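First the structure, in the form of structure tokens, and then the observations on it.
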Amino acid sequence: MKKVRVLVIDDSTFNRRSIISMLESSGEVDVVGSAADGEEGLKKSIELKPDVVTLDLEMPKMDGFTFLRLLLSRQPTSVIIISSNSQKQNVFKGLELGALDFLAKPSRHIDPGMSAIRDELLKKVLVVRQLRRRAFKSGIGVAMGSAKRPPERAIRRRKSTGKTISPAKLKVVALGASTGGPSAITRILRELKSEPVMALLITVHMPAKFTKAFADRLNKLSRYNVEEAKQGMSIMPGTAFVAPGGKHMVAVPGRPWPKIKILDESGEAKYRPSVDLLFSSCSKVFGKNLTAFVLTGMGDDGKKGIKLVKEQGGTTIVESEDTAIVFGMPHEAFNTGAVDRKIPLDEIPAAIDALVSIRG
């Protein structure tokens with residue numbers, strides 16, 4: 001198989017050498033160059049046309065945001081942000097500008113001997129082989145258009161808790177995603193137009209310490225009250241919860257409203273947080289009032305859970321290959337035969353809005 005060509009951009013000499021060492025430890029990657037700032041990185045990106053760029057956001061001469069806008073408007077390229085914990089909010093801005101994914105580094109310097117970091121980096125770089133190019137380029141086009149619109153326009157909208165809805169009739173939307181998921185989920189929540197009278201439960205494969213920042217950002221952009229999920233929170237109208245990184249979020253019965261339960265471990269789940277565990281728990285608690293969406297992502301998380309949702313009378317939808325940057329998770333779910341619809345990302349907000357007018 002053809003090697004993945006990578007350009008490394010980081011203003012730290014130590015980090016550049018460490019990242020290059022990690023990448024070159026795999027026989028599947030060819031590091032074609034490196035750069036110490038955004039200006040040099042942009043020049044080399046245009047010249048070398050790498051398959052993947054690894055990017056530090058805080059750089060001299062040209063920061064990562066400017067680099068992303070200029071590169072992606074000229075030459076759609078898979079960009080993986082390599083970020084410290086202190087850059088959490090910046091990561092999601094970068095993803096919304098069109099970056100493919102991000103990697104969390106544990107400290108200021110990256111240790112090439114840390115196998116967990118190396119394995120995660122290689123996995124994210126090699127996923128480029130599974131990218132659906134048309135969907136990826138379309139997503140970048142949407143990101144470039146979104147960057148020109150006034151941001152955070154939903155902040156001014158009145159939030160509602162819909163307290164007149166009874167627990168028995170509460171409609172719940174469960175969203176599961178991996179690679180490309182943060183941007184897709186951000187777009188969905190930003191574009192919802194109906195009164196926030198449902199509850200949203202979100203599981204996306206993301207490192208610990210970043211899910212709270214993701215939830216905070218969604219809260220600014222959405223009509224829903226979005227929070228990182230915590231033990232015992234009530235699932236009620238107008239609420240949205242993001243599964244905490246490194247743990248599992250499930251729904252359990254409760255009074256007057258169903259509750260969130262956080263699990264540290266689960267022997268049956270190979271992903272953490274697990275879409276399968278979210279879907280399976282929600283299917284038992286909400287039955288026909290549940291609509292489950294499997295969005296872009298690598299692997300098969302959600303495949304088992306989507307079948308249980310269907311068995312309990314819920315509605316099952318996957319993102320279509322037209323917009324899913326990585327069609328692995330939606331494809332695996334669709335192949336179960338338990339999926340009601342396959343629709344592109346730009347139609348998902350309207351599909352969720354339509355649930356408000358459907359009688360339970």
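In the structure tokens, the first chain shown is A, the next is B, and so on; residue numbers restart at 1 for each chain, and ligands run from 1 in the order shown.
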
Practice problem: Could you find all residues in region 53-95 of chain A that DSSP calls alpha helix (DSSP H) from the backbone, and write them as a VMD selection string? | Solution: chain A and resid 64 to 74 88 to 95

Please write the residues from the selection above to a file, keeping C-alpha atoms, as a tab-separated table (two decimals), in the first residue's frame.
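Output (selection35.tsv):
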chain	number	residue	atom	x	y	z
A	64	GLY	CA	-2.55	27.93	12.90
A	65	PHE	CA	-5.95	29.51	12.17
A	66	THR	CA	-4.57	31.71	9.41
A	67	PHE	CA	-2.63	28.75	8.05
A	68	LEU	CA	-5.79	26.62	7.94
A	69	ARG	CA	-7.85	29.29	6.17
A	70	LEU	CA	-5.17	29.88	3.54
A	71	LEU	CA	-4.22	26.25	2.94
A	72	LEU	CA	-7.72	24.80	2.80
A	73	SER	CA	-9.03	27.55	0.54
A	74	ARG	CA	-6.24	26.81	-1.94
A	88	LYS	CA	-8.71	23.11	24.15
A	89	GLN	CA	-11.05	25.83	22.86
A	90	ASN	CA	-8.69	26.62	19.99
A	91	VAL	CA	-8.81	23.00	18.86
A	92	PHE	CA	-12.54	23.18	18.18
A	93	LYS	CA	-12.19	26.44	16.30
A	94	GLY	CA	-9.58	24.68	14.16
A	95	LEU	CA	-11.88	21.73	13.52

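Close contacts of region 319-333 of chain A, defined as residues with an atom at most 7 Å away when counting only C-alpha atoms, with chain neighbours fewer than 5 positions off set aside, comprise Gln130, Leu131, Arg132, Ala135, Phe136, Thr179, Gly180, Val294, Leu295, Thr296, Gly297, Met298, Gly299, Asp300, Asp301, Gly302, Lys303, Ile306, Lys342, Ile343, Pro344 and Leu345 of chain A.
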
Exercise. Would you kindly return, as a ChimeraX atom specification, each protein, DNA or RNA residue with an atom no farther than 10 Å from any atom of His205 (chain A), considering only C-alpha atoms and excluding same-chain residues fewer than 6 positions away?
Key: /A:176-182,211,243-246,271-275,297-298,301

For the selection just defined, write its residues with N, CA and C atoms to a file, as a PDB file, in the first residue's frame.
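And here's part-v4.pdb as it stands now:
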ATOM      1  N   GLY A 176     -23.896   9.624  17.754  1.00  0.00           N
ATOM      2  CA  GLY A 176     -22.619   8.957  17.955  1.00  0.00           C
ATOM      3  C   GLY A 176     -21.695   9.214  16.786  1.00  0.00           C
ATOM      4  N   ALA A 177     -20.409   9.503  17.070  1.00  0.00           N
ATOM      5  CA  ALA A 177     -19.469   9.835  16.006  1.00  0.00           C
ATOM      6  C   ALA A 177     -18.031   9.612  16.455  1.00  0.00           C
ATOM      7  N   SER A 178     -17.132   9.644  15.478  1.00  0.00           N
ATOM      8  CA  SER A 178     -15.692   9.575  15.771  1.00  0.00           C
ATOM      9  C   SER A 178     -14.982  10.596  14.873  1.00  0.00           C
ATOM     10  N   THR A 179     -14.094  10.163  13.985  1.00  0.00           N
ATOM     11  CA  THR A 179     -13.341  11.106  13.151  1.00  0.00           C
ATOM     12  C   THR A 179     -14.277  11.998  12.336  1.00  0.00           C
ATOM     13  N   GLY A 180     -14.092  13.297  12.458  1.00  0.00           N
ATOM     14  CA  GLY A 180     -14.967  14.255  11.791  1.00  0.00           C
ATOM     15  C   GLY A 180     -16.202  14.585  12.596  1.00  0.00           C
ATOM     16  N   GLY A 181     -16.394  13.894  13.722  1.00  0.00           N
ATOM     17  CA  GLY A 181     -17.598  14.066  14.521  1.00  0.00           C
ATOM     18  C   GLY A 181     -17.769  15.423  15.176  1.00  0.00           C
ATOM     19  N   PRO A 182     -16.723  15.987  15.806  1.00  0.00           N
ATOM     20  CA  PRO A 182     -16.913  17.289  16.456  1.00  0.00           C
ATOM     21  C   PRO A 182     -17.461  18.363  15.517  1.00  0.00           C
ATOM     22  N   THR A 211     -13.599  17.060  26.361  1.00  0.00           N
ATOM     23  CA  THR A 211     -15.048  16.997  26.183  1.00  0.00           C
ATOM     24  C   THR A 211     -15.774  18.141  26.870  1.00  0.00           C
ATOM     25  N   ALA A 243     -20.784  12.951  26.422  1.00  0.00           N
ATOM     26  CA  ALA A 243     -20.116  11.929  27.222  1.00  0.00           C
ATOM     27  C   ALA A 243     -18.706  12.377  27.564  1.00  0.00           C
ATOM     28  N   PRO A 244     -18.294  12.252  28.831  1.00  0.00           N
ATOM     29  CA  PRO A 244     -16.933  12.656  29.202  1.00  0.00           C
ATOM     30  C   PRO A 244     -15.888  11.750  28.570  1.00  0.00           C
ATOM     31  N   GLY A 245     -14.805  12.324  28.096  1.00  0.00           N
ATOM     32  CA  GLY A 245     -13.745  11.552  27.470  1.00  0.00           C
ATOM     33  C   GLY A 245     -13.165  10.514  28.414  1.00  0.00           C
ATOM     34  N   GLY A 246     -12.935   9.320  27.889  1.00  0.00           N
ATOM     35  CA  GLY A 246     -12.352   8.258  28.692  1.00  0.00           C
ATOM     36  C   GLY A 246     -13.325   7.513  29.573  1.00  0.00           C
ATOM     37  N   TYR A 271     -14.530   0.780  22.618  1.00  0.00           N
ATOM     38  CA  TYR A 271     -14.304   2.219  22.492  1.00  0.00           C
ATOM     39  C   TYR A 271     -14.748   2.890  23.785  1.00  0.00           C
ATOM     40  N   ARG A 272     -14.038   3.972  24.133  1.00  0.00           N
ATOM     41  CA  ARG A 272     -14.404   4.697  25.355  1.00  0.00           C
ATOM     42  C   ARG A 272     -14.231   6.189  25.119  1.00  0.00           C
ATOM     43  N   PRO A 273     -15.346   6.953  25.142  1.00  0.00           N
ATOM     44  CA  PRO A 273     -16.725   6.551  25.414  1.00  0.00           C
ATOM     45  C   PRO A 273     -17.330   5.724  24.276  1.00  0.00           C
ATOM     46  N   SER A 274     -18.335   4.939  24.606  1.00  0.00           N
ATOM     47  CA  SER A 274     -18.917   3.985  23.668  1.00  0.00           C
ATOM     48  C   SER A 274     -20.276   4.443  23.144  1.00  0.00           C
ATOM     49  N   VAL A 275     -20.400   4.487  21.822  1.00  0.00           N
ATOM     50  CA  VAL A 275     -21.694   4.779  21.192  1.00  0.00           C
ATOM     51  C   VAL A 275     -22.645   3.608  21.411  1.00  0.00           C
ATOM     52  N   GLY A 297     -17.158   8.480  11.121  1.00  0.00           N
ATOM     53  CA  GLY A 297     -16.210   7.896  12.067  1.00  0.00           C
ATOM     54  C   GLY A 297     -15.617   6.597  11.563  1.00  0.00           C
ATOM     55  N   MET A 298     -14.444   6.270  12.065  1.00  0.00           N
ATOM     56  CA  MET A 298     -13.756   5.042  11.716  1.00  0.00           C
ATOM     57  C   MET A 298     -14.149   3.945  12.699  1.00  0.00           C
ATOM     58  N   ASP A 301     -18.252   1.295  16.052  1.00  0.00           N
ATOM     59  CA  ASP A 301     -18.999   1.671  17.241  1.00  0.00           C
ATOM     60  C   ASP A 301     -20.376   2.176  16.832  1.00  0.00           C
TER      61      ASP A 301
END

Practice problem: Looking only at strand (DSSP E or B) from DSSP on the backbone, list the matching residues of region 242-330 of chain A as JSON, numbers by chain. | Solution: {"A": [242, 248, 249, 250, 251, 252, 259, 260, 261, 262, 263, 290, 291, 292, 293, 294, 315, 316, 317, 318, 319, 326]}

Exercise. May I ask which of the residues A:Leu218, A:Leu100, A:Ile165, A:Leu121 is the closest one to Ile140 (chain A), counting only C-alpha atoms?
Key: A:Leu100

Kindly assemble as a Markdown table a list of the region 261-318 of chain A residues that lie within 12 Å of region 223-240 of chain A, each paired with its nearest atom pair and their distance in Å to one decimal, using only C-alpha atoms, sorted first by chain and then by ascending residue number.
| residue | atom | partner | partner_atom | distance |
| --- | --- | --- | --- | --- |
| A:Lys261 | CA | A:Gln231 | CA | 5.1 |
| A:Ile262 | CA | A:Gln231 | CA | 5.5 |
| A:Leu263 | CA | A:Gln231 | CA | 8.9 |
| A:Asp264 | CA | A:Gln231 | CA | 11.1 |
| A:Pro273 | CA | A:Ala229 | CA | 11.6 |
| A:Cys282 | CA | A:Ile235 | CA | 10.8 |
| A:Val285 | CA | A:Ile235 | CA | 10.9 |
| A:Phe286 | CA | A:Ile235 | CA | 10.8 |

If you count only C-alpha atoms, which residues fall within 9 Å of Glu40 (chain A), apart from same-chain ones fewer than 5 positions away, as a PDB file with C-alpha atoms, in the first residue's frame?
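Resulting contents of part.pdb:
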ATOM      1  CA  ILE A   9       4.642  21.937  11.346  1.00  0.00           C
ATOM      2  CA  SER A  34       8.910  19.958   8.287  1.00  0.00           C
ATOM      3  CA  ALA A  35       8.430  23.644   9.076  1.00  0.00           C
ATOM      4  CA  SER A  45       2.355  22.494   1.869  1.00  0.00           C
ATOM      5  CA  MET A  62       1.479  32.932  10.974  1.00  0.00           C
TER       6      MET A  62
END

Practice problem: Might you pull out every residue within 9 Å of Ile46 (chain A), with only C-alpha atoms counted and same-chain residues fewer than 3 positions away left off, and present them as a ChimeraX atom specification? | Solution: /A:41-43,49-50,71,74-75

Practice problem: Find the residue from A:Leu308, A:Ala213, A:Ile188, A:Leu170 that sits nearest to Ile348 (chain A); use only C-alpha atoms when measuring. | Solution: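 Of A:Leu308, A:Ala213, A:Ile188, A:Leu170, the one nearest Ile348 (chain A), counting only C-alpha atoms, is A:Ile188.
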
Quiz item: Counting only C-alpha atoms, what is within 6 Å of Leu290 (chain A), bar same-chain residues fewer than 5 positions away, as a VMD selection string?
Solution: chain A and resid 172 to 173 314

Quiz prompt | One-decimal distance in Å that lies between CA of Pro207 (chain A) and CA of Glu24 (chain A) | solution = 23.9 Å
